[in-house]
Amino acid sequence: MSGVDKKLVRAWVRQQSGPARRAVLPVVMLGCLGTLIGIAQAWCLASVIGSLLQTRGLQVLGLIAEFAALAFCRALCLYFQESLAARAGIVARERLRRSVLDTVIGIGPALLRRQHSAEIAALLVDRIEVLDGYFARWLPASMTWMLFPLVVLVAVFVVNPRSALILAVCGMLVPVAQAVFGIGAALASRNQFLAMVRLQARFLDRIRGIATIVLSNATDREAQALSSAADDLRRRTMKILRIAFFSSAAIDMAMVAAIILVVLTQGHFVHLDAFSMPNIYPAPHFTETLFALFLVPEFFAPFRGLALAYQDRAHAAGAAEAMGNIGDGEQRAGEETSETPEQIDPVATIEARSLSYRWNDTAPWIFEDLDFSVGPGEVLVLDGPSGSGKSTLIELLLGFVRPSSGRILFNEQDIATMRGRDIARHLAWIGQKPVLFAGTLRDNLLFARPDADKETLDNVIAAASIDDFLKDLPLGLDTQIGEGGFGLSGGQAQRVLLLAPISRMRRFSCLMSQRLISIPRPKTGS
C-alpha cells in the first residue's frame, strides 16, 4: 500500500479504536479468565498423570473432579466470550454502515460522478459485512496476543524455569514470521477487493444493457468476459488462503520445536546399558515437565488467534482505504462549505445568475448566461429542443454537477457551498418510474422520517393531495401496496414520493411558477 493508504488506515483505526475497544473489553476479560482456568486445568491433568505413575491413586479422584469443574467453567467462559464478540461485531458494523451511509448522503449525487455505484454498494454491503472479523476477532486478539502468553510464561517459570526460557525463545520467532506473511496478506486482500469490485461493476453494467447485448449478438463475448473476471477473483481468493495456511504453519512449527526442546532437555531420563534395552524412568520433576508441555498449546493459542484474524485486519485496511476515498470527497467539499443551520427555511427561492455549462474545456457550450428566478408558489417549465440542456440544468439543480460559470442560489446561498444533504432538503425530484417498496402505504410515507408524528404526517398528506384518493383505499394508510407501487396508479405513486422531501421541508415550495423558460441551442463554436 502506498503512503497515502497507510495514513488513511491509521486514521481510520484511530477513529474506530475508541468505541470498538470499549466494546471488546469484556471479551478480553473473559479470555484472561479462560487462560487462568486453562493453566489450572494443565496443573490438574499433570498432577493426575504424575500421581498415577507414582501409584498415589487416592489423590486422583479429587484432581479429576477439580479438572471437570474447571472444564465446565472454561466452557462457560468461551460461550460468553464468543457471544460478546459477536455482539460487538454487530454493533460496530451497524455504527460503521450508518456513518458511511450518512457520508454518502452528505456528499450527494455528485459522488456518482467519480465512483461507480457498484463500488459504493460493495462498500456499504460486502465490505462492511466482512469487517465482522475485524471487530469480533482481530481487536480482541490484538489486545491479548502479548498478555495471555505472558501470563502462561509466568506460570511455567514459577514451576519450571528452563521450559519457560524455551517457550520465550520460540515465541519470539512467531511475530517475525507473522510480519512477513501479514504484508503479503494485506496486499492480496486489497487485490481481491479490487477484483470483486470489477466483477460487480461489470455484472451490473451488463444487466442494465442486457437488451442491447442480446440484440447485438454479443452474449457469448460478454459471458466470456464475466467468466474471466470471476476466475480472476477466484485466483486472488485462493492466494489469500494460501498465505493464511503458510502463516498458520509457521506457528505450528514453532510449537512443535518448543515441545521437542522441552522433552529433550528434561522430559525423561534414559539409562543406557550395554547388555540390555534402554530404560526410561520418570524424571524427578515429571509433573512439572508435563505441566509445561500441556501449556505449550495454551502459550501459542493467542499467536494462532492473531494469525487467523490477520486476514480480517487486511480486510479492514482495504475498507478503510475505500471509506477514505469517499471521506476525501466529503472533506474537499467541506473545505468550501459554510456552516448551514439545521433548520432549513421551509420557503425556498431558487435563482440562477449567468449560468453556463459545458462538459469540458474543449466541448461546446450546452447553454450560456442563463438567468431565471423561481419563488414560492410558482411553476417553472423548461422548454427546448433535444440536446439544449434541460436535463443538464436539472442535474445542476440537484447537485450532480457544478456549473462551468455562474451561480445557483437557494435563498441567496450558493449551492457550491452547501452539502448534498442540505441541497436535497430544498428539492423534490420525481422521475417517470416511482420507486416504492412492498409494504403498507404508511411505511412508504414514513420512510424518510420514521419518527414523524401524526400531525406532521397529516400536513404533508394534505400538501401532496394524497387525501384525495386515501379515502378510496380499503384500509387507508394501512393498505398494502406491492413492489414498485403495485396497487396505485402512476400519479398516485408519484404523490407518495413527494412526501420524503416534504416531510423535511414542512412545506412544499419548489420550482412553481406560471412562466416558461425556453433554452435555445447555443450557436456552433460558441
# chains A, B, ... in the order shown; residues from 1 in each chain; ligands from 1

call {"tool": "select_by_dssp", "arguments": {"residues": "range 45-156 of chain A", "states": "alpha helix (DSSP H)", "output": "PyMOL selection string"}}
result
chain A and resi 45-53+58-107+117-122+128-129+132-133+139-144+147-156

call {"tool": "atom_distance", "arguments": {"atom1": "CA of Val381 in chain A", "atom2": "CA of Asp361 in chain A"}}
result
29.0 Å

call {"tool": "closest_atom_pairs", "arguments": {"of": "range 150-199 of chain A", "to": "range 298-305 of chain A", "cutoff": "12 Å", "atoms": "only C-alpha atoms", "output": "JSON lines"}}
result
{"residue": "A:Leu150", "atom": "CA", "partner": "A:Phe299", "partner_atom": "CA", "distance": 8.2}
{"residue": "A:Val151", "atom": "CA", "partner": "A:Phe299", "partner_atom": "CA", "distance": 8.7}
{"residue": "A:Val152", "atom": "CA", "partner": "A:Phe299", "partner_atom": "CA", "distance": 5.9}
{"residue": "A:Leu153", "atom": "CA", "partner": "A:Phe299", "partner_atom": "CA", "distance": 7.3}
{"residue": "A:Val154", "atom": "CA", "partner": "A:Phe299", "partner_atom": "CA", "distance": 10.7}
{"residue": "A:Ala155", "atom": "CA", "partner": "A:Phe299", "partner_atom": "CA", "distance": 10.5}
{"residue": "A:Val156", "atom": "CA", "partner": "A:Phe299", "partner_atom": "CA", "distance": 9.8}
{"residue": "A:Ser163", "atom": "CA", "partner": "A:Phe299", "partner_atom": "CA", "distance": 11.8}
{"residue": "A:Ala164", "atom": "CA", "partner": "A:Phe299", "partner_atom": "CA", "distance": 10.2}
{"residue": "A:Ile166", "atom": "CA", "partner": "A:Phe299", "partner_atom": "CA", "distance": 11.5}
{"residue": "A:Leu167", "atom": "CA", "partner": "A:Phe299", "partner_atom": "CA", "distance": 7.8}
{"residue": "A:Ala168", "atom": "CA", "partner": "A:Phe299", "partner_atom": "CA", "distance": 9.5}
{"residue": "A:Cys170", "atom": "CA", "partner": "A:Phe300", "partner_atom": "CA", "distance": 9.5}
{"residue": "A:Gly171", "atom": "CA", "partner": "A:Phe300", "partner_atom": "CA", "distance": 7.4}
{"residue": "A:Met172", "atom": "CA", "partner": "A:Phe303", "partner_atom": "CA", "distance": 10.5}
{"residue": "A:Leu173", "atom": "CA", "partner": "A:Phe303", "partner_atom": "CA", "distance": 10.9}
{"residue": "A:Val174", "atom": "CA", "partner": "A:Phe303", "partner_atom": "CA", "distance": 7.5}
{"residue": "A:Pro175", "atom": "CA", "partner": "A:Phe303", "partner_atom": "CA", "distance": 8.1}
{"residue": "A:Val176", "atom": "CA", "partner": "A:Phe303", "partner_atom": "CA", "distance": 11.5}
{"residue": "A:Ala177", "atom": "CA", "partner": "A:Phe303", "partner_atom": "CA", "distance": 11.0}
{"residue": "A:Gln178", "atom": "CA", "partner": "A:Phe303", "partner_atom": "CA", "distance": 8.9}
{"residue": "A:Ala179", "atom": "CA", "partner": "A:Phe303", "partner_atom": "CA", "distance": 11.9}

call {"tool": "residues_around", "arguments": {"residues": "Arg162 in chain A", "least_positions_apart": "6", "cutoff": "10 Å", "atoms": "only C-alpha atoms", "output": "PDB file with C-alpha atoms, in the first residue's frame"}}
result
ATOM      1  CA  VAL A 156       5.570 -22.026  33.663  1.00  0.00           C
ATOM      2  CA  VAL A 262      11.155 -29.318  26.411  1.00  0.00           C
ATOM      3  CA  THR A 265      16.020 -31.165  27.859  1.00  0.00           C
ATOM      4  CA  GLN A 266      14.118 -32.561  30.847  1.00  0.00           C
ATOM      5  CA  THR A 289       7.548 -31.095  32.936  1.00  0.00           C
ATOM      6  CA  ALA A 292       4.975 -27.160  30.867  1.00  0.00           C
TER       7      ALA A 292
END

call {"tool": "atom_distance", "arguments": {"atom1": "CA of Val60 in chain A", "atom2": "CA of Ala46 in chain A"}}
result
10.7 Å

call {"tool": "closest_residue", "arguments": {"among": "A:Phe72, A:Phe437, A:Tyr134, A:Phe67", "to": "Val13 in chain A", "atoms": "only C-alpha atoms"}}
result
A:Tyr134

call {"tool": "atom_distance", "arguments": {"atom1": "CA of Ala464 in chain A", "atom2": "CA of Val374 in chain A"}}
result
19.6 Å
